[in-house]
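Trainee: Hey, dropping protein_38.cif in here, mmCIF, C-alpha atoms (C1' of nucleotides):
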data_final
loop_
_atom_site.label_atom_id
_atom_site.label_comp_id
_atom_site.auth_asym_id
_atom_site.auth_seq_id
_atom_site.Cartn_x
_atom_site.Cartn_y
_atom_site.Cartn_z
CA MET A 1 87.53 123.79 70.44
CA GLY A 2 91.20 122.93 70.57
CA ARG A 3 93.99 124.41 68.57
CA ASP A 4 94.31 124.71 64.85
CA ALA A 5 96.50 122.34 62.90
CA ARG A 6 99.40 124.76 62.59
CA GLU A 7 99.53 125.36 66.36
CA VAL A 8 99.42 121.62 66.98
CA ALA A 9 102.23 120.98 64.51
CA ALA A 10 104.35 123.67 66.13
CA LEU A 11 103.84 122.23 69.62
CA GLN A 12 104.70 118.73 68.41
CA ALA A 13 107.85 119.96 66.66
CA GLU A 14 109.03 122.01 69.64
CA LEU A 15 108.52 119.09 71.98
CA LEU A 16 110.31 116.54 69.79
CA ALA A 17 113.21 118.94 69.23
CA TRP A 18 113.48 119.34 73.00
CA TYR A 19 113.29 115.57 73.49
CA ASP A 20 116.00 114.94 70.90
CA ARG A 21 118.33 117.06 73.03
CA HIS A 22 117.15 116.29 76.55
CA ALA A 23 115.68 112.78 76.64
CA ARG A 24 116.63 111.01 79.85
CA ALA A 25 118.85 107.97 79.39
CA LEU A 26 116.94 105.09 80.99
CA PRO A 27 117.86 101.39 81.05
CA TRP A 28 114.77 100.34 79.08
CA ARG A 29 114.85 103.22 76.63
CA VAL A 30 116.30 103.47 73.11
CA PRO A 31 117.75 106.96 72.58
CA PRO A 32 115.77 109.09 70.06
CA GLY A 33 117.28 109.03 66.61
CA SER A 34 119.19 105.80 67.14
CA GLY A 35 116.92 103.97 64.73
CA ALA A 36 116.81 100.97 67.03
CA ARG A 37 113.52 99.29 67.99
CA PRO A 38 113.02 98.80 71.71
CA ASP A 39 112.39 95.28 73.01
CA PRO A 40 108.66 94.97 73.80
CA TYR A 41 109.49 92.70 76.75
CA ARG A 42 111.68 95.36 78.34
CA ILE A 43 109.18 98.13 77.60
CA TRP A 44 106.36 96.11 79.14
CA LEU A 45 108.41 95.16 82.21
CA SER A 46 109.50 98.75 82.80
CA GLU A 47 106.00 100.14 82.32
CA VAL A 48 104.50 97.72 84.84
CA MET A 49 107.26 98.51 87.35
CA LEU A 50 106.74 102.23 86.80
CA GLN A 51 103.03 102.12 87.64
CA GLN A 52 102.76 104.54 90.60
CA THR A 53 106.47 104.03 91.22
CA THR A 54 109.42 106.37 90.73
CA VAL A 55 112.14 105.84 88.13
CA ALA A 56 114.77 105.83 90.89
CA ALA A 57 113.04 102.98 92.71
CA VAL A 58 112.53 100.94 89.53
CA LYS A 59 116.06 100.96 88.08
CA ASP A 60 117.66 98.33 90.31
CA TYR A 61 114.64 96.05 90.09
CA PHE A 62 114.63 96.34 86.30
CA HIS A 63 118.31 95.36 86.14
CA ARG A 64 117.82 92.39 88.44
CA PHE A 65 114.74 91.12 86.58
CA THR A 66 116.29 91.39 83.12
CA ALA A 67 119.55 89.81 84.29
CA ARG A 68 117.69 86.87 85.82
CA TRP A 69 114.98 86.57 83.16
CA PRO A 70 116.33 88.02 79.86
CA THR A 71 113.25 87.04 77.83
CA ILE A 72 109.55 86.74 78.45
CA ALA A 73 109.84 82.97 78.07
CA ASP A 74 112.39 82.90 80.89
CA LEU A 75 110.05 84.89 83.11
CA ALA A 76 107.07 82.71 82.19
CA ALA A 77 109.03 79.65 83.33
CA ALA A 78 109.85 81.14 86.74
CA GLU A 79 108.11 79.96 89.89
CA ASP A 80 105.64 82.26 91.62
CA GLY A 81 107.72 82.47 94.79
CA GLU A 82 110.87 83.44 92.88
CA VAL A 83 109.12 86.35 91.21
CA MET A 84 107.42 87.49 94.43
CA ALA A 85 110.81 87.43 96.19
CA GLU A 86 112.46 89.43 93.42
CA TRP A 87 109.61 91.95 93.50
CA ALA A 88 109.73 92.28 97.30
CA GLY A 89 110.08 95.90 98.39
CA LEU A 90 108.71 97.41 95.19
CA GLY A 91 105.11 97.44 96.43
CA TYR A 92 101.71 96.89 94.81
CA TYR A 93 102.24 93.15 94.70
CA ALA A 94 99.26 92.49 92.44
CA ARG A 95 101.56 93.81 89.73
CA ALA A 96 103.96 90.91 90.28
CA ARG A 97 101.16 88.33 90.22
CA ASN A 98 99.74 89.85 87.03
CA LEU A 99 103.22 90.12 85.54
CA LEU A 100 103.60 86.34 85.72
CA ARG A 101 100.08 85.71 84.44
CA CYS A 102 100.78 88.02 81.51
CA ALA A 103 104.17 86.46 80.74
CA ARG A 104 102.63 82.99 80.73
CA ALA A 105 99.70 84.07 78.55
CA VAL A 106 101.98 85.71 75.97
CA THR A 107 104.38 82.78 76.00
CA ALA A 108 101.56 80.26 75.66
CA SER A 109 100.25 82.04 72.58
CA GLY A 110 103.55 82.07 70.73
CA GLY A 111 105.78 84.39 72.73
CA ALA A 112 105.14 87.65 70.88
CA PHE A 113 103.32 90.57 72.52
CA PRO A 114 100.20 91.86 70.77
CA ASP A 115 101.23 94.95 68.79
CA THR A 116 97.99 96.88 69.21
CA ARG A 117 96.45 98.72 72.14
CA ALA A 118 93.35 96.53 71.96
CA GLY A 119 95.39 93.36 72.06
CA LEU A 120 97.56 94.58 74.89
CA ILE A 121 94.78 95.84 77.13
CA ALA A 122 93.27 92.37 77.23
CA LEU A 123 96.33 91.07 79.11
CA PRO A 124 96.51 90.91 82.94
CA GLY A 125 98.01 94.01 84.56
CA ILE A 126 97.85 96.06 81.36
CA GLY A 127 95.31 98.89 81.56
CA PRO A 128 94.61 101.94 79.40
CA TYR A 129 97.88 103.68 80.18
CA THR A 130 100.22 100.70 79.82
CA ALA A 131 98.52 99.41 76.68
CA ALA A 132 98.88 102.78 74.97
CA ALA A 133 102.46 103.18 76.17
CA ILE A 134 103.60 99.78 74.86
CA ALA A 135 101.74 100.25 71.56
CA ALA A 136 103.29 103.68 71.03
CA ILE A 137 106.82 103.08 72.33
CA ALA A 138 107.45 99.49 71.24
CA PHE A 139 105.27 99.32 68.12
CA ASP A 140 105.14 102.91 66.87
CA ARG A 141 101.35 103.07 67.07
CA ALA A 142 99.76 106.53 67.19
CA GLU A 143 98.12 105.94 70.58
CA THR A 144 97.60 108.65 73.18
CA VAL A 145 99.46 107.93 76.39
CA VAL A 146 98.00 109.56 79.50
CA ASP A 147 99.62 109.14 82.91
CA GLY A 148 99.92 111.50 85.86
CA ASN A 149 102.60 113.52 84.09
CA VAL A 150 100.49 114.01 80.98
CA GLU A 151 97.48 115.01 83.08
CA ARG A 152 99.54 117.64 84.84
CA VAL A 153 101.09 118.98 81.63
CA MET A 154 97.71 119.16 79.86
CA ALA A 155 96.02 120.80 82.85
CA ARG A 156 98.66 123.52 82.79
CA LEU A 157 99.03 123.91 79.03
CA HIS A 158 95.26 124.52 78.80
CA ASP A 159 94.72 126.03 82.26
CA ILE A 160 92.11 123.40 83.10
CA ARG A 161 90.86 124.13 86.61
CA THR A 162 88.35 121.31 86.99
CA PRO A 163 89.62 119.03 89.78
CA LEU A 164 90.70 115.46 89.14
CA PRO A 165 89.27 112.93 88.61
CA ALA A 166 86.37 114.83 87.01
CA ALA A 167 88.79 116.46 84.57
CA LYS A 168 90.09 113.17 83.16
CA ALA A 169 87.92 113.11 80.03
CA GLU A 170 88.93 116.61 79.05
CA LEU A 171 92.61 115.98 79.80
CA ASN A 172 92.51 112.82 77.67
CA ALA A 173 90.92 114.75 74.82
CA ARG A 174 93.54 117.49 74.99
CA ALA A 175 96.34 114.92 75.00
CA ALA A 176 94.77 113.14 72.03
CA GLU A 177 94.73 116.36 69.99
CA LEU A 178 98.50 116.55 70.34
CA THR A 179 99.33 112.93 69.49
CA PRO A 180 101.33 112.92 66.23
CA ALA A 181 101.14 110.35 63.44
CA ARG A 182 104.93 110.31 63.25
CA ARG A 183 107.12 109.36 66.23
CA PRO A 184 104.16 108.81 68.59
CA GLY A 185 106.37 106.83 70.96
CA ASP A 186 108.93 109.59 71.26
CA HIS A 187 106.12 112.12 71.67
CA ALA A 188 104.63 110.11 74.54
CA GLN A 189 107.96 109.75 76.27
CA ALA A 190 108.69 113.42 75.66
CA VAL A 191 105.52 114.62 77.40
CA MET A 192 106.29 112.33 80.34
CA ASP A 193 109.92 113.53 80.50
CA LEU A 194 108.65 117.09 80.36
CA GLY A 195 106.38 116.40 83.31
CA ALA A 196 109.11 114.61 85.23
CA THR A 197 111.88 117.15 84.73
CA ILE A 198 110.36 120.57 83.92
CA CYS A 199 106.59 120.63 84.43
CA THR A 200 107.03 119.12 87.89
CA PRO A 201 104.33 119.03 90.58
CA ARG A 202 106.09 121.73 92.61
CA ASN A 203 108.23 124.59 91.35
CA PRO A 204 107.89 123.94 87.63
CA ALA A 205 110.83 125.26 85.60
CA CYS A 206 108.69 127.27 83.20
CA GLY A 207 111.62 129.40 82.05
CA ILE A 208 113.22 126.50 80.19
CA CYS A 209 110.02 124.76 79.02
CA PRO A 210 109.70 124.20 75.27
CA TRP A 211 105.97 124.94 75.61
CA ARG A 212 106.33 128.10 77.74
CA GLY A 213 105.06 130.32 74.92
CA ALA A 214 101.83 128.37 74.54
CA CYS A 215 101.11 127.57 78.19
CA ALA A 216 97.79 129.03 79.36
CA ALA A 217 98.47 128.38 83.04
CA ARG A 218 101.78 130.19 82.86
CA ALA A 219 100.03 133.15 81.25
CA ALA A 220 97.40 133.11 83.98
CA GLY A 221 99.86 132.43 86.79
CA THR A 222 97.99 129.29 87.86
CA GLN A 223 100.66 126.69 87.00
CA ALA A 224 101.67 126.04 90.61
CA GLU A 225 98.12 125.12 91.66
CA LEU A 226 97.34 122.77 88.77
CA PRO A 227 96.13 120.15 88.44
CA ARG A 228 93.54 120.56 91.17
CA LYS A 229 92.62 117.39 93.01
CA ALA A 230 89.71 116.29 95.18
CA PRO A 231 90.74 116.21 98.85
CA ARG A 232 92.03 112.91 100.20
CA LYS A 233 90.53 110.95 103.02
CA ALA A 234 92.44 110.75 106.27
CA LYS A 235 94.28 107.50 107.00
CA PRO A 236 93.00 105.64 110.06
CA LEU A 237 95.37 103.96 112.52
CA ARG A 238 95.34 100.18 112.77
CA HIS A 239 97.05 97.78 115.16
CA GLY A 240 98.26 94.20 114.96
CA ILE A 241 100.69 91.66 116.35
CA ALA A 242 103.40 89.76 114.46
CA TRP A 243 105.20 86.72 115.86
CA ILE A 244 108.78 86.21 114.77
CA GLY A 245 110.04 82.81 115.74
CA ARG A 246 113.43 81.25 115.14
CA ARG A 247 114.10 77.58 115.76
CA ALA A 248 117.29 76.38 117.45
CA ASP A 249 118.73 75.36 114.07
CA GLY A 250 118.23 78.89 112.77
CA ALA A 251 115.09 78.23 110.69
CA TRP A 252 112.46 81.01 110.66
CA LEU A 253 108.70 80.51 111.02
CA LEU A 254 107.16 82.24 108.00
CA GLU A 255 103.75 82.25 106.37
CA ARG A 256 102.66 82.91 102.76
CA ARG A 257 99.84 85.45 102.70
CA PRO A 258 96.64 84.80 100.72
CA GLU A 259 96.84 85.57 96.99
CA THR A 260 94.46 88.51 97.12
CA GLY A 261 94.32 91.58 99.31
CA LEU A 262 97.01 93.52 101.08
CA LEU A 263 100.53 92.12 100.45
CA GLY A 264 98.80 89.31 98.58
CA GLY A 265 101.04 86.35 97.75
CA THR A 266 104.02 87.68 99.69
CA LEU A 267 105.97 85.98 102.46
CA GLY A 268 105.60 87.33 105.99
CA TRP A 269 105.35 86.60 109.70
CA PRO A 270 102.33 84.97 111.27
CA GLY A 271 100.19 87.59 112.94
CA THR A 272 96.77 88.90 113.87
CA ASP A 273 94.44 90.79 111.61
CA TRP A 274 95.05 94.53 111.62
CA THR A 275 92.17 96.36 113.21
CA GLU A 276 91.37 99.85 114.42
CA ALA A 277 91.17 98.66 118.02
CA PRO A 278 94.39 97.41 119.63
CA PRO A 279 94.22 93.59 119.98
CA GLY A 280 93.38 92.47 123.49
CA GLY A 281 92.60 96.03 124.43
CA ALA A 282 89.00 96.99 125.09
CA SER A 283 87.30 93.66 124.45
CA PRO A 284 86.29 92.02 127.77
CA GLY A 285 87.32 88.53 126.68
CA GLY A 286 90.87 89.55 125.96
CA GLU A 287 92.56 88.44 122.78
CA SER A 288 90.49 86.39 120.36
CA SER A 289 91.67 83.08 118.98
CA ASP A 290 93.20 85.07 116.15
CA GLY A 291 95.35 86.65 118.84
CA ALA A 292 97.05 83.35 119.65
CA PRO A 293 100.73 82.88 118.75
CA PRO A 294 101.55 80.33 116.04
CA ALA A 295 103.42 78.04 118.40
CA PRO A 296 103.76 77.64 122.17
CA ALA A 297 106.95 79.36 123.33
CA ALA A 298 108.26 82.07 125.62
CA TRP A 299 107.20 84.99 123.43
CA HIS A 300 108.50 88.32 124.57
CA ALA A 301 107.78 91.87 123.50
CA ALA A 302 110.35 93.20 121.05
CA GLY A 303 108.86 96.64 120.52
CA GLU A 304 106.78 97.90 117.62
CA VAL A 305 107.09 98.78 113.96
CA ARG A 306 105.25 101.69 112.35
CA HIS A 307 104.38 101.53 108.69
CA THR A 308 102.09 103.48 106.38
CA PHE A 309 100.15 101.81 103.60
CA THR A 310 98.10 103.50 100.90
CA HIS A 311 95.02 103.91 103.05
CA PHE A 312 95.99 103.37 106.70
CA HIS A 313 98.78 103.69 109.25
CA LEU A 314 99.83 100.53 111.06
CA VAL A 315 101.41 99.96 114.45
CA LEU A 316 102.66 96.38 114.53
CA ASP A 317 103.48 94.91 117.92
CA ILE A 318 106.48 92.58 117.55
CA ARG A 319 106.75 89.38 119.60
CA ALA A 320 109.89 87.29 119.32
CA ALA A 321 110.78 83.82 120.55
CA ASP A 322 113.43 81.15 120.26
CA LEU A 323 111.55 77.98 119.33
CA PRO A 324 112.50 74.46 120.43
CA GLU A 325 113.91 71.98 117.92
CA GLY A 326 110.82 69.78 117.84
CA CYS A 327 108.43 72.71 117.55
CA ALA A 328 105.18 71.92 115.68
CA PRO A 329 103.59 75.25 114.77
CA ALA A 330 99.84 75.65 114.25
CA ARG A 331 100.51 78.15 111.46
CA GLY A 332 103.24 78.87 108.93
CA GLU A 333 106.24 76.87 107.81
CA PHE A 334 109.90 76.87 108.72
CA VAL A 335 112.36 78.28 106.22
CA ALA A 336 115.94 77.09 106.74
CA ALA A 337 118.48 79.70 107.73
CA ALA A 338 120.41 79.21 104.48
CA ALA A 339 117.26 79.76 102.41
CA PHE A 340 116.07 82.84 104.30
CA ASP A 341 116.75 86.29 102.90
CA PRO A 342 115.06 89.31 104.52
CA ALA A 343 115.29 91.05 101.13
CA ALA A 344 112.69 88.58 99.85
CA LEU A 345 110.13 90.04 102.28
CA PRO A 346 107.92 93.08 101.71
CA THR A 347 109.24 96.15 103.51
CA LEU A 348 106.92 95.92 106.51
CA MET A 349 107.99 92.34 107.21
CA ARG A 350 111.64 93.28 106.69
CA LYS A 351 111.26 96.01 109.32
CA ALA A 352 109.60 93.56 111.69
CA HIS A 353 112.48 91.12 111.28
CA ALA A 354 115.06 93.81 111.97
CA ARG A 355 113.13 94.83 115.09
CA ALA A 356 112.99 91.27 116.41
CA LEU A 357 116.64 90.33 115.86
CA PRO A 358 118.05 91.93 119.04
CA ALA A 359 115.42 90.12 121.12
CA LEU A 360 116.41 86.68 119.89
CA GLY A 361 119.10 84.54 121.46
CA GLY A 362 122.49 84.32 119.84
CA ARG A 363 122.88 81.34 117.56
CA PRO A 364 125.51 78.76 118.28
CA ALA A 365 128.72 79.73 116.58
CA GLY A 366 129.59 77.99 113.31
"C1'" DG B 1 83.53 106.77 90.11
"C1'" DA B 2 85.17 105.00 94.36
"C1'" DC B 3 88.01 102.17 96.65
"C1'" DG B 4 91.91 98.88 97.75
"C1'" DC B 5 96.46 98.39 96.84
"C1'" DG B 6 103.24 99.77 98.86
"C1'" DT B 7 107.01 102.21 99.14
"C1'" DG B 8 110.60 105.76 99.46
"C1'" DG B 9 111.71 110.55 98.53
"C1'" DT B 10 110.71 115.30 99.41
"C1'" DC B 11 109.77 119.64 101.75
"C1'" DT C 1 107.49 115.50 110.44
"C1'" DG C 2 103.48 114.38 108.54
"C1'" DA C 3 101.39 114.92 104.21
"C1'" DC C 4 101.98 114.79 99.55
"C1'" DC C 5 103.60 112.62 95.59
"C1'" DA C 6 105.22 108.92 91.60
"C1'" DA C 7 105.07 106.19 84.03
"C1'" DG C 8 97.79 102.75 87.30
"C1'" DC C 9 95.11 98.49 87.57
"C1'" DG C 10 91.26 95.55 89.05
"C1'" DT C 11 86.91 95.28 91.02
#
For the file at hand, write its structure as structure tokens.

Mentor:
Amino acid sequence: MGRDAREVAALQAELLAWYDRHARALPWRVPPGSGARPDPYRIWLSEVMLQQTTVAAVKDYFHRFTARWPTIADLAAAEDGEVMAEWAGLGYYARARNLLRCARAVTASGGAFPDTRAGLIALPGIGPYTAAAIAAIAFDRAETVVDGNVERVMARLHDIRTPLPAAKAELNARAAELTPARRPGDHAQAVMDLGATICTPRNPACGICPWRGACAARAAGTQAELPRKAPRKAKPLRHGIAWIGRRADGAWLLERRPETGLLGGTLGWPGTDWTEAPPGGASPGGESSDGAPPAPAAWHAAGEVRHTFTHFHLVLDIRAADLPEGCAPARGEFVAAAAFDPAALPTLMRKAHARALPALGGRPAG
DNA sequence: GACGCGTGGTC
DNA sequence: TGACCAAGCGT
């Protein structure tokens, strides 16, 4: 099976020549041919941010993180809440929790990242992809890097019609055949750049692809329908209530969510669980105790926020209230107006805040 | 292998 | 405009 050594060498050479001319300039990347070694800290940080996240979304976060925490020791010394606030809006918050755990583990054992795939994969938040990527890009190890781009490129190059995820083993094997002993990091980044800019999910630009002559899918005309994927499950609709309270001095009533689960460890508004039946709807007893507001006040309806998570749609009913000065809430804690920044909230909670603002009384001037 | 886990861009 | 998609990981 596979290609002979001369074919492999030709593909590798064509790809690297293309990469030398067309590599994207990215904040964490060292240009090919510069001779510089990338900083493992920056490679690791960028790879974690890029997990299931677009380059465009990552750039600003990467700049803010590296400006605030220039080294892994700086990050390791940060407080949990600071990192969660800086990560807010980027999603998949387990990444931020594992980022800190990883930074502290590396710093505690001397401050240098492991320089092998096996050493890296033992760290929190570093799986098969990220371990191979750091080993190849930062440490020039000949590891095979397989992400969604590489899967797509391999499926097309070899016209593999088995649907994902069943095809993963074969796609990994095909990618491994092409991994070069020299410049493995550039090769890995080149395949990913190829997938991101030419061998795109829709309307691939086959006419300018360095591998167009060898591509089996292009020859068969199947490139647009590869890789095949198992059908997705439909997203159910869930409902919940969020209470957004502001005290007379401007302080907001917020609540840190549990460390695990959805939006784990992030700051948000007190609320009900999110269930498939509207709260207080069909159940004869009305709202459960979980349906009680966090503090007694004149709560009024401020509309709803719609948001879609990975596996369900949410309609969040927003209740807003101006809370008295001596208010003693049953849940949550007040955050002073000067310390509150909506940008430190995950996107759903940011939307809820924006929805509640018009329903709250004007604050005293000054 | 399946599932839980965010968000914003795209068509 | 709703569904799909993006440099995956942990359980």

Trainee: Do you have the atom CA of Pro180 of chain A-atom CA of Pro210 of chain A distance handy?

Mentor: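 Pair atom CA of Pro180 of chain A / atom CA of Pro210 of chain A returns 16.7 Å.
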
Trainee: Report as a PyMOL selection string the full result of the PyMOL selection byres ((chain A and resi 32-47) around 7) when it is applied to this structure.

Mentor: (chain A and resi 20+28-31+48-51+62+71-72+130+134+138+186) or (chain C and resi 7)

Trainee: Would you pick out the contacts of Pro124 of chain A at 8 Å or less, using all atoms listed in the file, so that residues sharing its chain but fewer than 2 positions from it are not included, and give the list as an NGL selection string?

Mentor: :A and (98-99 or 101-102 or 121-122 or 126)

Trainee: May I ask for the distance between atom CA of Gly81 of chain A and atom CA of Val335 of chain A, given in Å to one decimal place?

Mentor: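 Interatomic distance, atom CA of Gly81 of chain A to atom CA of Val335 of chain A: 13.0 Å.
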
Trainee: Expand the PyMOL selection byres ((chain A) within 9 of (chain B)) into the individual residues it matches in the shown file, reporting them as a ChimeraX atom specification.

Mentor: /A:53-54,57,89-94,165,261-263,308-311,346-347

Trainee: Based on all atoms listed in the file, which of the residues in chain C come within 9 Å of chain A? I want them as a list of chain:residue names.

Mentor: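 Taking all atoms listed in the file into account, C:DC5, C:DA6, C:DA7, C:DG8, C:DC9, C:DG10 sit within 9 Å of chain A.
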
Trainee: Just to confirm, what's the straight-line distance from atom CA of Arg319 of chain A to atom CA of Glu259 of chain A in Å (one decimal)?

Mentor: 25.0 Å

Trainee: Can you turn the PyMOL selection byres ((chain A and resi 107) around 12) into a concrete residue list for this file, as a ChimeraX atom specification?

Mentor: /A:41,71-77,100-106,108-114,123
